[in-house]
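The file model-v6.tsv comes next; it holds TSV, C-alpha atoms.
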chain	number	residue	atom	x	y	z
A	1	MET	CA	-17.77	-11.29	21.94
A	2	GLN	CA	-15.69	-8.99	19.76
A	3	ARG	CA	-15.40	-6.48	22.61
A	4	LEU	CA	-14.11	-9.21	24.92
A	5	TYR	CA	-11.57	-10.29	22.29
A	6	ASP	CA	-10.42	-6.69	21.81
A	7	PHE	CA	-10.07	-6.24	25.58
A	8	ILE	CA	-7.95	-9.39	25.84
A	9	ARG	CA	-5.68	-8.16	23.03
A	10	ARG	CA	-5.27	-4.73	24.66
A	11	HIS	CA	-4.45	-6.14	28.14
A	12	PRO	CA	-2.32	-9.28	27.71
A	13	THR	CA	-0.51	-8.88	31.04
A	14	GLY	CA	-3.80	-8.47	32.87
A	15	VAL	CA	-5.16	-11.67	31.35
A	16	ASP	CA	-1.97	-13.54	32.23
A	17	SER	CA	-2.15	-12.20	35.78
A	18	PHE	CA	-5.70	-13.52	36.10
A	19	TRP	CA	-4.59	-17.02	35.10
A	20	ALA	CA	-1.57	-16.74	37.42
A	21	VAL	CA	-3.86	-16.00	40.38
A	22	PHE	CA	-6.09	-18.88	39.35
A	23	LEU	CA	-3.10	-21.23	39.14
A	24	LEU	CA	-1.83	-19.97	42.50
A	25	GLY	CA	-5.19	-20.69	44.11
A	26	ILE	CA	-5.43	-24.23	42.73
A	27	SER	CA	-1.84	-24.95	43.76
A	28	GLY	CA	-2.46	-23.54	47.24
A	29	MET	CA	-5.38	-25.87	47.75
A	30	THR	CA	-3.22	-28.79	46.62
A	31	ILE	CA	-0.53	-27.81	49.12
A	32	VAL	CA	-3.07	-27.62	51.97
A	33	VAL	CA	-4.59	-30.98	51.12
A	34	GLY	CA	-1.28	-32.84	50.72
A	35	GLY	CA	0.71	-30.96	53.35
A	36	ALA	CA	0.74	-33.82	55.87
A	37	GLY	CA	2.80	-36.08	53.64
A	38	ARG	CA	5.58	-33.61	52.90
A	39	GLY	CA	9.02	-33.57	54.51
A	40	GLY	CA	10.61	-30.60	56.25
A	41	GLY	CA	12.65	-29.36	53.31
A	42	GLU	CA	9.75	-29.82	50.92
A	43	ARG	CA	7.40	-27.87	53.20
A	44	PHE	CA	9.94	-25.06	53.36
A	45	ALA	CA	10.41	-24.77	49.57
A	46	VAL	CA	6.98	-25.61	48.13
A	47	VAL	CA	5.44	-22.17	48.75
A	48	PRO	CA	8.27	-20.16	47.06
A	49	VAL	CA	8.20	-22.61	44.13
A	50	VAL	CA	4.44	-22.17	43.61
A	51	ILE	CA	4.70	-18.38	43.89
A	52	GLY	CA	7.63	-18.28	41.48
A	53	LEU	CA	5.84	-20.40	38.87
A	54	SER	CA	2.75	-18.20	39.21
A	55	ILE	CA	4.92	-15.15	38.53
A	56	VAL	CA	6.20	-16.95	35.41
A	57	VAL	CA	2.65	-17.17	34.08
A	58	ALA	CA	1.84	-13.54	34.96
A	59	LEU	CA	4.88	-12.00	33.25
A	60	ARG	CA	5.51	-14.52	30.47
A	61	ARG	CA	4.77	-12.05	27.64
A	62	ARG	CA	6.36	-9.03	29.27
A	63	ALA	CA	9.75	-10.71	29.87
A	64	PRO	CA	9.74	-14.21	28.32
A	65	GLU	CA	13.50	-14.87	28.58
A	66	LYS	CA	13.67	-13.86	32.26
A	67	MET	CA	10.57	-15.89	33.09
A	68	LEU	CA	12.14	-18.93	31.40
A	69	LEU	CA	15.21	-18.61	33.62
A	70	LEU	CA	12.94	-18.20	36.66
A	71	ALA	CA	11.03	-21.37	35.70
A	72	ILE	CA	14.31	-23.28	35.32
A	73	ALA	CA	15.43	-22.01	38.72
A	74	MET	CA	12.18	-23.19	40.30
A	75	GLY	CA	12.69	-26.59	38.70
A	76	VAL	CA	16.17	-26.82	40.14
A	77	VAL	CA	14.80	-25.90	43.59
A	78	GLN	CA	12.22	-28.68	43.24
A	79	LEU	CA	14.95	-31.20	42.43
A	80	VAL	CA	17.21	-30.07	45.28
A	81	PHE	CA	14.57	-29.86	48.03
A	82	GLY	CA	12.44	-32.72	46.76
A	83	VAL	CA	9.33	-30.62	46.00
A	84	ARG	CA	7.12	-33.01	44.09
A	85	PRO	CA	5.39	-31.69	40.92
A	86	THR	CA	2.18	-29.77	41.56
A	87	THR	CA	-0.43	-27.99	39.48
A	88	ALA	CA	1.89	-24.96	39.38
A	89	ASN	CA	4.29	-26.88	37.14
A	90	PHE	CA	1.84	-26.24	34.30
A	91	ALA	CA	3.66	-22.86	34.10
A	92	MET	CA	6.67	-24.67	32.60
A	93	LEU	CA	4.52	-25.83	29.70
A	94	VAL	CA	3.17	-22.31	29.22
A	95	ILE	CA	6.59	-20.62	29.27
A	96	THR	CA	7.94	-23.19	26.79
A	97	PHE	CA	5.21	-22.22	24.31
A	98	THR	CA	5.68	-18.49	24.95
A	99	VAL	CA	9.46	-18.49	24.50
A	100	ALA	CA	9.17	-20.56	21.30
A	101	THR	CA	6.68	-17.99	19.98
A	102	VAL	CA	8.13	-14.59	20.93
A	103	GLY	CA	11.40	-15.20	22.74
A	104	GLU	CA	14.96	-14.98	21.54
A	105	ARG	CA	16.41	-17.90	19.64
A	106	TRP	CA	18.77	-18.91	22.44
A	107	ALA	CA	15.87	-18.94	24.88
A	108	SER	CA	13.78	-21.04	22.50
A	109	ARG	CA	16.56	-23.63	22.16
A	110	LEU	CA	17.09	-23.65	25.94
A	111	ALA	CA	13.38	-24.23	26.51
A	112	LEU	CA	13.39	-27.17	24.08
A	113	THR	CA	16.44	-28.69	25.79
A	114	CYS	CA	14.89	-28.38	29.24
A	115	SER	CA	11.61	-29.82	27.96
A	116	LEU	CA	13.41	-32.92	26.70
A	117	CYS	CA	15.23	-33.40	30.04
A	118	ALA	CA	12.47	-32.49	32.52
A	119	ALA	CA	10.52	-35.75	32.40
A	120	GLY	CA	13.65	-37.92	32.73
A	121	LEU	CA	14.94	-35.91	35.69
A	122	SER	CA	11.53	-36.13	37.35
A	123	GLN	CA	11.52	-39.93	37.01
A	124	LEU	CA	15.00	-40.17	38.49
A	125	ARG	CA	14.17	-37.85	41.39
A	126	TRP	CA	10.78	-39.38	42.19
A	127	PRO	CA	10.78	-42.96	40.92
A	128	ASN	CA	7.48	-44.80	40.72
A	129	GLN	CA	6.74	-46.95	43.77
A	130	ASP	CA	5.37	-49.79	41.63
A	131	PRO	CA	8.10	-52.01	40.22
A	132	GLY	CA	8.23	-52.08	36.44
A	133	SER	CA	10.49	-52.71	33.53
A	134	TRP	CA	12.72	-50.12	31.88
A	135	ALA	CA	10.38	-50.09	28.90
A	136	GLN	CA	7.48	-49.01	31.08
A	137	LYS	CA	9.53	-46.26	32.68
A	138	LEU	CA	10.75	-45.12	29.29
A	139	PHE	CA	7.16	-45.04	28.06
A	140	ILE	CA	6.17	-42.81	30.98
A	141	VAL	CA	9.06	-40.44	30.23
A	142	VAL	CA	8.02	-40.19	26.58
A	143	VAL	CA	4.37	-39.55	27.47
A	144	MET	CA	5.41	-36.76	29.88
A	145	THR	CA	7.79	-35.22	27.32
A	146	VAL	CA	5.36	-35.13	24.37
A	147	PRO	CA	3.22	-32.19	25.68
A	148	PHE	CA	6.31	-30.02	26.14
A	149	VAL	CA	7.62	-30.85	22.67
A	150	LEU	CA	4.20	-30.17	21.11
A	151	ALA	CA	4.03	-26.82	22.94
A	152	TRP	CA	7.46	-25.87	21.60
A	153	VAL	CA	6.63	-26.98	18.03
A	154	LEU	CA	3.34	-25.03	18.07
A	155	GLY	CA	5.05	-21.90	19.38
A	156	ASP	CA	7.87	-22.13	16.83
A	157	SER	CA	5.39	-22.57	13.97
A	158	MET	CA	3.51	-19.46	15.16
A	159	ARG	CA	6.82	-17.56	15.24
A	160	THR	CA	7.52	-18.61	11.63
A	161	ARG	CA	4.02	-17.60	10.54
A	162	ARG	CA	4.28	-14.21	12.19
A	163	ALA	CA	7.66	-13.61	10.59
A	164	TYR	CA	6.18	-14.51	7.20
A	165	PHE	CA	3.27	-12.09	7.60
A	166	ASP	CA	5.61	-9.37	8.85
A	167	GLN	CA	7.74	-9.88	5.76
A	168	LEU	CA	4.65	-9.63	3.54
A	169	GLU	CA	3.57	-6.41	5.25
A	170	GLU	CA	7.05	-4.94	4.94
A	171	ARG	CA	7.18	-5.86	1.25
A	172	ALA	CA	3.75	-4.34	0.63
A	173	ALA	CA	4.79	-1.14	2.41
A	174	ARG	CA	8.00	-1.00	0.38
A	175	LEU	CA	6.10	-1.50	-2.89
A	176	GLU	CA	3.67	1.23	-1.87
A	177	ARG	CA	6.55	3.62	-1.19
A	178	GLU	CA	8.14	2.74	-4.52
A	179	ARG	CA	4.84	3.29	-6.29
A	180	GLU	CA	4.40	6.69	-4.65
A	181	ALA	CA	7.95	7.62	-5.65
A	182	GLN	CA	7.33	6.52	-9.25
A	183	SER	CA	4.10	8.50	-9.31
A	184	LYS	CA	5.89	11.62	-8.08
A	185	VAL	CA	8.59	11.18	-10.73
A	186	ALA	CA	5.91	10.68	-13.38
A	187	VAL	CA	4.07	13.82	-12.26
A	188	ALA	CA	7.27	15.87	-12.38
A	189	ALA	CA	8.16	14.53	-15.84
A	190	GLU	CA	4.65	15.14	-17.17
A	191	ARG	CA	4.59	18.68	-15.78
A	192	ALA	CA	7.93	19.35	-17.42
A	193	ARG	CA	6.55	18.09	-20.73
A	194	ILE	CA	3.40	20.21	-20.36
A	195	ALA	CA	5.53	23.24	-19.52
A	196	ARG	CA	7.62	22.78	-22.65
A	197	GLU	CA	4.52	22.48	-24.82
A	198	LEU	CA	2.89	25.55	-23.27
A	199	HIS	CA	6.15	27.40	-23.65
A	200	ASP	CA	5.99	26.66	-27.37
A	201	VAL	CA	2.34	27.80	-27.50
A	202	VAL	CA	3.12	31.10	-25.82
A	203	ALA	CA	6.18	31.62	-28.01
A	204	HIS	CA	4.10	30.98	-31.12
A	205	ASN	CA	1.47	33.52	-30.03
A	206	VAL	CA	4.16	36.10	-29.38
A	207	SER	CA	5.64	35.42	-32.81
A	208	VAL	CA	2.20	36.04	-34.35
A	209	MET	CA	1.95	39.31	-32.44
A	210	VAL	CA	5.34	40.44	-33.73
A	211	VAL	CA	4.43	39.62	-37.33
A	212	GLN	CA	1.08	41.40	-37.04
A	213	ALA	CA	2.72	44.43	-35.43
A	214	ASP	CA	5.27	44.67	-38.25
A	215	GLY	CA	2.46	44.39	-40.82
A	216	ALA	CA	0.38	47.05	-39.10
A	217	ALA	CA	3.31	49.47	-39.02
A	218	TYR	CA	3.93	48.82	-42.74
A	219	VAL	CA	0.31	49.57	-43.85
A	220	MET	CA	-0.55	52.16	-41.20
A	221	ASP	CA	-0.75	55.03	-43.69
A	222	ALA	CA	-1.76	53.19	-46.86
A	223	ALA	CA	-4.45	50.86	-45.43
A	224	PRO	CA	-5.76	51.95	-42.03
A	225	ASP	CA	-8.45	49.22	-42.03
A	226	GLN	CA	-5.85	46.48	-42.40
A	227	ALA	CA	-3.76	48.09	-39.68
A	228	ARG	CA	-6.80	48.18	-37.36
A	229	GLN	CA	-7.52	44.53	-38.07
A	230	ALA	CA	-3.90	43.66	-37.34
A	231	LEU	CA	-4.07	45.52	-34.03
A	232	GLU	CA	-7.22	43.61	-33.05
A	233	THR	CA	-5.45	40.38	-33.86
A	234	ILE	CA	-2.53	41.47	-31.70
A	235	SER	CA	-4.90	42.29	-28.84
A	236	SER	CA	-6.74	38.93	-28.90
A	237	THR	CA	-3.53	36.98	-29.39
A	238	GLY	CA	-1.88	38.86	-26.52
A	239	ARG	CA	-4.76	38.06	-24.15
A	240	GLN	CA	-4.54	34.41	-25.10
A	241	ALA	CA	-0.79	34.44	-24.62
A	242	LEU	CA	-1.20	35.97	-21.16
A	243	ALA	CA	-3.72	33.27	-20.21
A	244	GLU	CA	-1.35	30.55	-21.35
A	245	MET	CA	1.51	32.25	-19.51
A	246	ARG	CA	-0.46	32.13	-16.26
A	247	ARG	CA	-0.86	28.40	-16.72
A	248	LEU	CA	2.78	28.06	-17.65
A	249	LEU	CA	3.88	29.75	-14.42
A	250	GLY	CA	2.04	27.07	-12.45
A	251	VAL	CA	3.94	24.21	-14.06
A	252	LEU	CA	7.53	23.26	-13.25
A	253	ARG	CA	9.78	23.49	-16.30
A	254	THR	CA	12.99	21.47	-15.99
A	255	GLY	CA	14.65	22.75	-19.15
A	256	ASP	CA	16.33	19.41	-19.76
A	257	VAL	CA	15.59	19.56	-23.51
A	258	PRO	CA	17.74	22.02	-25.49
A	259	GLU	CA	15.81	24.81	-27.20
A	260	SER	CA	15.95	24.85	-30.98
A	261	GLY	CA	15.13	28.52	-31.34
A	262	GLU	CA	12.16	27.79	-33.65
A	263	TYR	CA	8.65	27.38	-32.29
A	264	VAL	CA	5.71	25.69	-34.00
A	265	PRO	CA	2.06	25.40	-32.96
A	266	GLN	CA	1.17	22.40	-30.80
A	267	PRO	CA	-1.60	19.95	-31.80
A	268	ASP	CA	-5.14	21.30	-31.60
A	269	VAL	CA	-8.71	20.01	-31.79
A	270	GLU	CA	-8.75	20.05	-35.60
A	271	GLN	CA	-5.91	17.52	-35.66
A	272	ILE	CA	-7.86	15.01	-33.54
A	273	GLU	CA	-9.55	13.75	-36.70
A	274	GLU	CA	-6.12	13.16	-38.26
A	275	LEU	CA	-5.09	11.34	-35.09
A	276	VAL	CA	-8.17	9.11	-35.32
A	277	ASP	CA	-7.39	8.33	-38.96
A	278	GLN	CA	-3.88	7.26	-37.99
A	279	VAL	CA	-5.25	5.01	-35.25
A	280	VAL	CA	-7.75	3.45	-37.66
A	281	GLN	CA	-4.96	2.74	-40.13
A	282	SER	CA	-3.06	0.94	-37.34
A	283	GLY	CA	-5.95	-1.54	-37.01
A	284	LEU	CA	-8.17	-0.09	-34.23
A	285	ALA	CA	-11.78	0.62	-35.20
A	286	VAL	CA	-12.71	4.12	-33.97
A	287	ASP	CA	-16.04	5.95	-34.32
A	288	PHE	CA	-15.42	9.72	-34.26
A	289	LYS	CA	-18.18	12.33	-33.93
A	290	ILE	CA	-18.37	16.04	-33.19
A	291	GLU	CA	-21.46	17.51	-31.53
A	292	GLY	CA	-22.22	21.19	-31.24
A	293	THR	CA	-20.79	24.07	-33.23
A	294	PRO	CA	-16.99	23.97	-33.61
A	295	ARG	CA	-15.28	27.25	-32.79
A	296	PRO	CA	-11.80	28.49	-31.87
A	297	LEU	CA	-10.66	27.51	-28.37
A	298	PRO	CA	-7.75	28.61	-26.15
A	299	SER	CA	-4.54	26.90	-27.23
A	300	GLY	CA	-4.08	25.23	-23.84
A	301	VAL	CA	-7.58	23.71	-23.98
A	302	GLU	CA	-7.05	22.44	-27.53
A	303	LEU	CA	-3.68	20.94	-26.63
A	304	THR	CA	-5.17	19.26	-23.55
A	305	ALA	CA	-8.07	17.82	-25.56
A	306	TYR	CA	-5.71	16.41	-28.19
A	307	ARG	CA	-3.42	14.80	-25.60
A	308	ILE	CA	-6.34	13.21	-23.72
A	309	VAL	CA	-7.73	11.62	-26.88
A	310	GLN	CA	-4.24	10.52	-27.90
A	311	GLU	CA	-3.52	8.88	-24.54
A	312	ALA	CA	-6.98	7.30	-24.31
A	313	LEU	CA	-6.66	5.63	-27.70
A	314	THR	CA	-3.14	4.50	-26.81
A	315	ASN	CA	-4.48	2.87	-23.64
A	316	THR	CA	-7.19	1.14	-25.70
A	317	ARG	CA	-4.57	-0.41	-27.94
A	318	LYS	CA	-2.45	-1.44	-24.95
A	319	HIS	CA	-5.14	-2.81	-22.63
A	320	GLY	CA	-8.28	-3.31	-24.75
A	321	GLY	CA	-7.33	-6.58	-26.39
A	322	PRO	CA	-7.09	-7.65	-30.03
A	323	ASN	CA	-10.76	-7.10	-31.02
A	324	ALA	CA	-11.45	-3.89	-29.14
A	325	GLY	CA	-13.21	-0.93	-30.73
A	326	ALA	CA	-13.39	2.68	-29.55
A	327	SER	CA	-15.52	5.77	-29.93
A	328	VAL	CA	-14.51	9.42	-29.57
A	329	ARG	CA	-17.02	12.22	-28.94
A	330	LEU	CA	-16.23	15.96	-28.92
A	331	VAL	CA	-19.08	18.08	-27.59
A	332	TYR	CA	-18.97	21.88	-27.82
A	333	PHE	CA	-20.89	23.48	-24.96
A	334	ASP	CA	-21.45	27.19	-24.41
A	335	ASP	CA	-18.86	27.31	-21.63
A	336	GLY	CA	-16.64	24.32	-22.29
A	337	LEU	CA	-15.54	21.36	-24.35
A	338	GLY	CA	-16.61	17.83	-23.46
A	339	LEU	CA	-14.63	14.72	-24.33
A	340	LEU	CA	-15.84	11.12	-24.15
A	341	VAL	CA	-13.60	8.23	-25.18
A	342	GLU	CA	-14.94	4.70	-24.71
A	343	ASP	CA	-13.89	1.23	-25.77
A	344	ASP	CA	-15.46	-2.22	-25.57
A	345	GLY	CA	-12.26	-4.09	-24.71
A	346	ARG	CA	-11.32	-5.90	-21.55
A	347	GLY	CA	-10.33	-2.68	-19.76
A	348	ALA	CA	-7.32	-1.88	-17.61
A	349	ALA	CA	-6.38	-3.19	-14.18
A	350	HIS	CA	-7.75	-1.21	-11.22
A	351	GLU	CA	-4.33	0.00	-10.11
A	352	LEU	CA	-3.78	1.67	-13.50
A	353	TYR	CA	-6.42	4.33	-12.89
A	354	GLU	CA	-6.93	4.53	-9.12
A	355	ASP	CA	-5.30	7.44	-7.26
A	356	GLY	CA	-4.07	8.98	-10.49
A	357	GLY	CA	-2.99	5.69	-12.03
A	358	ALA	CA	0.34	4.59	-13.39
A	359	ASP	CA	0.60	2.28	-16.38
A	360	GLY	CA	4.21	1.37	-15.77
A	361	ALA	CA	6.02	3.37	-18.45
A	362	GLY	CA	4.03	6.31	-19.83
A	363	HIS	CA	2.01	7.10	-16.70
A	364	GLY	CA	-0.77	8.20	-19.05
A	365	MET	CA	-3.54	8.64	-16.48
A	366	ILE	CA	-1.28	10.84	-14.37
A	367	GLY	CA	-0.60	13.00	-17.43
A	368	MET	CA	-4.31	13.28	-18.19
A	369	ARG	CA	-5.17	14.42	-14.69
A	370	GLU	CA	-2.32	16.90	-14.62
A	371	ARG	CA	-3.39	18.45	-17.94
A	372	VAL	CA	-7.07	18.61	-17.03
A	373	GLY	CA	-6.25	20.11	-13.64
A	374	MET	CA	-4.02	22.70	-15.31
A	375	VAL	CA	-6.95	24.14	-17.33
A	376	GLY	CA	-9.37	23.85	-14.40
A	377	GLY	CA	-11.37	20.93	-15.80
A	378	THR	CA	-12.59	17.59	-14.49
A	379	LEU	CA	-11.70	14.03	-15.50
A	380	ASP	CA	-13.46	10.75	-14.79
A	381	ALA	CA	-11.86	7.42	-15.73
A	382	GLY	CA	-12.97	3.89	-14.95
A	383	PRO	CA	-14.61	0.72	-16.24
A	384	ARG	CA	-17.63	1.08	-18.49
A	385	PRO	CA	-20.92	-0.69	-17.70
A	386	GLY	CA	-21.08	-3.79	-19.86
A	387	GLY	CA	-17.31	-4.04	-20.28
A	388	GLY	CA	-14.55	-1.84	-21.57
A	389	PHE	CA	-13.19	1.46	-20.32
A	390	ARG	CA	-14.45	5.04	-20.35
A	391	ILE	CA	-12.67	8.39	-20.06
A	392	SER	CA	-14.73	11.56	-19.87
A	393	ALA	CA	-13.44	15.09	-19.43
A	394	LEU	CA	-14.93	18.57	-19.28
A	395	LEU	CA	-12.59	21.42	-20.19
A	396	PRO	CA	-13.86	24.94	-19.36
A	397	LEU	CA	-13.17	27.72	-21.84
A	398	LYS	CA	-12.09	30.05	-19.02
A	399	PRO	CA	-9.29	29.24	-16.58
A	400	ALA	CA	-10.36	28.39	-13.06
A	401	SER	CA	-10.15	31.35	-10.72
I'd like the structure from this file rewritten - as structure tokens, please.
Amino acid sequence: MQRLYDFIRRHPTGVDSFWAVFLLGISGMTIVVGGAGRGGGERFAVVPVVIGLSIVVALRRRAPEKMLLLAIAMGVVQLVFGVRPTTANFAMLVITFTVATVGERWASRLALTCSLCAAGLSQLRWPNQDPGSWAQKLFIVVVMTVPFVLAWVLGDSMRTRRAYFDQLEERAARLEREREAQSKVAVAAERARIARELHDVVAHNVSVMVVQADGAAYVMDAAPDQARQALETISSTGRQALAEMRRLLGVLRTGDVPESGEYVPQPDVEQIEELVDQVVQSGLAVDFKIEGTPRPLPSGVELTAYRIVQEALTNTRKHGGPNAGASVRLVYFDDGLGLLVEDDGRGAAHELYEDGGADGAGHGMIGMRERVGMVGGTLDAGPRPGGGFRISALLPLKPAS
């Protein structure tokens, strides 16, 4: 059944042509049966009228305005040559519905006007042989007019409904484009922010290298061991600075914030506990635990971990509800750092975390994914079984190749 419906939708003109042939056949049989009672002019014009009305049905959706004019012309021919109504006149009802549905406004109004006049003109041209009062004749005219008016009203209501759905689709497409544009702006802004932070990290490491180099030169002769230790510090710090620089080169830096000339270290993993204490003081219950053996991590990984926890707790306060609680887990693996932030609140709407997510102002989920992708990690965000929201991330200790 679905295949038949799909075929009909794909071939509307073919379906209309089938019904036109069917209508032509029925009308032809009517002409043959009632041919003896027709006058000369009627016999001459009845065949072109039937063919013309059949063409109206066949091409009604391909050229509705032209077919309406053709149907009106056939009606005029019927009135002039006295061709009495036949089965083919059903095409006038069909074209009235079609024009009201998909035709131009002028054609729709013309179809309604002709529908209101057709029955009256038919009664005047072919009056009933039985004598009757004007009320009876008026009743017949009304009965013959009602189907045409109903066809026009139904078609016009379908036109209004289609226009409404088209407007809804256009609005949805426009909102989707606006959302994509906002997401792109949020990604660019977050990358610029990440670039500035990494710039500060690299600058801080270079400052440490300069200080250590000056100290090594100062104690080179008096304390060779201290100088050697300083050189080792310079070496490790330089490697870390190079790793951060590689990440920095992959992030667009807008430079819209003026440089102060003084660089300070960005937040690290050790400051997550201070962040949790601040959140607890603001009224959100947070359970914080560290698993594994804490050890120094690359600055970019520590900064990413801090920002993820910060944004996750912020989202809990914004979307979790008044009585929500949260838990933060830091797990040190041999080759990475695991983060798990959960809450038991009401959670966030689906559109806030799907396809990157956008929370309206901060675009926090976009920032999380950008940061995790920058260090080559993975991020999973979504509703937690039993209620609430969960954010888990795995940050490798080595940059992705």
Spatial sel., origin (4.2, -21.9, 44.7), limit 9 Å, all atoms listed in the file, listed as a ChimeraX atom specification: /A:24,27-28,31,45-54,86,88
I want to know what sits within 12 Å of Leu69 (chain A), based on only C-alpha atoms, with residues of the same chain fewer than 3 positions away left out; could you give that as a count of residues only? 24
Please write as a PyMOL selection string the list of polymer residues whose atoms come within 12 Å of (-5.5, 0.3, -27.2), counting only C-alpha atoms and keeping to the coordinates of the file. chain A and resi 279-280+282-286+309-327+341-348+388-389
If you measure from CA of Thr233 (chain A) to CA of Arg295 (chain A), what distance in Å do you get, rounded to one decimal? 16.4 Å
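From CA of Glu291 (chain A) back to CA of Gly386 (chain A), the distance works out to 24.3 Å.
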Would you kindly return, as a PyMOL selection string, each protein, DNA or RNA residue with an atom no farther than 7 Å from any atom of region 148-153 of chain A, considering only C-alpha atoms and excluding same-chain residues fewer than 5 positions away? chain A and resi 93+96-97+100+112+115
Save the residues we just selected, C-alpha atoms, as an mmCIF file, in the coordinates of the input?
data_model
loop_
_atom_site.group_PDB
_atom_site.id
_atom_site.type_symbol
_atom_site.label_atom_id
_atom_site.label_comp_id
_atom_site.auth_asym_id
_atom_site.auth_seq_id
_atom_site.Cartn_x
_atom_site.Cartn_y
_atom_site.Cartn_z
ATOM 1 C CA LEU A 93 4.520 -25.830 29.700
ATOM 2 C CA THR A 96 7.940 -23.190 26.790
ATOM 3 C CA PHE A 97 5.210 -22.220 24.310
ATOM 4 C CA ALA A 100 9.170 -20.560 21.300
ATOM 5 C CA LEU A 112 13.390 -27.170 24.080
ATOM 6 C CA SER A 115 11.610 -29.820 27.960
#
Quote the spacing between CA of Ala213 (chain A) and CA of Asp268 (chain A) in Å to one decimal place.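 Those two atoms sit 24.7 Å apart.
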Compile the contact shell of Pro396 (chain A) as a PyMOL selection string: residues with an atom at most 12 Å away, counting only C-alpha atoms, same-chain residues fewer than 3 positions apart removed. chain A and resi 297-298+300-302+304-305+331-339+372-379+393+399-401
Store the residues picked out above in a file with C-alpha atoms, as a short mmCIF file (atom, residue, chain, number, x, y, z; two decimals), in the frame of the given file.
data_model
loop_
_atom_site.label_atom_id
_atom_site.label_comp_id
_atom_site.auth_asym_id
_atom_site.auth_seq_id
_atom_site.Cartn_x
_atom_site.Cartn_y
_atom_site.Cartn_z
CA LEU A 297 -10.66 27.51 -28.37
CA PRO A 298 -7.75 28.61 -26.15
CA GLY A 300 -4.08 25.23 -23.84
CA VAL A 301 -7.58 23.71 -23.98
CA GLU A 302 -7.05 22.44 -27.53
CA THR A 304 -5.17 19.26 -23.55
CA ALA A 305 -8.07 17.82 -25.56
CA VAL A 331 -19.08 18.08 -27.59
CA TYR A 332 -18.97 21.88 -27.82
CA PHE A 333 -20.89 23.48 -24.96
CA ASP A 334 -21.45 27.19 -24.41
CA ASP A 335 -18.86 27.31 -21.63
CA GLY A 336 -16.64 24.32 -22.29
CA LEU A 337 -15.54 21.36 -24.35
CA GLY A 338 -16.61 17.83 -23.46
CA LEU A 339 -14.63 14.72 -24.33
CA VAL A 372 -7.07 18.61 -17.03
CA GLY A 373 -6.25 20.11 -13.64
CA MET A 374 -4.02 22.70 -15.31
CA VAL A 375 -6.95 24.14 -17.33
CA GLY A 376 -9.37 23.85 -14.40
CA GLY A 377 -11.37 20.93 -15.80
CA THR A 378 -12.59 17.59 -14.49
CA LEU A 379 -11.70 14.03 -15.50
CA ALA A 393 -13.44 15.09 -19.43
CA PRO A 399 -9.29 29.24 -16.58
CA ALA A 400 -10.36 28.39 -13.06
CA SER A 401 -10.15 31.35 -10.72
#
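Across A:Ser299, A:Gln136, A:Thr87, A:Thr13, the tightest approach to Val269 (chain A) is made by A:Ser299 when counting only C-alpha atoms.
Between Leu23 (chain A) and the residues A:Gln2, A:Val57, A:Pro296, A:Arg43, the shortest atom-to-atom distance, using only C-alpha atoms, involves A:Val57.
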Find the residues near Gly14 (chain A): any atom within 12 Å, counting only C-alpha atoms, skip ones fewer than 4 places away on the same chain, and give them as a list in words. Phe7, Ile8, Arg9, Arg10, Phe18, Trp19, Ala20, Val21, Val57, Ala58, Leu59, Arg60, Arg61 and Arg62 of chain A
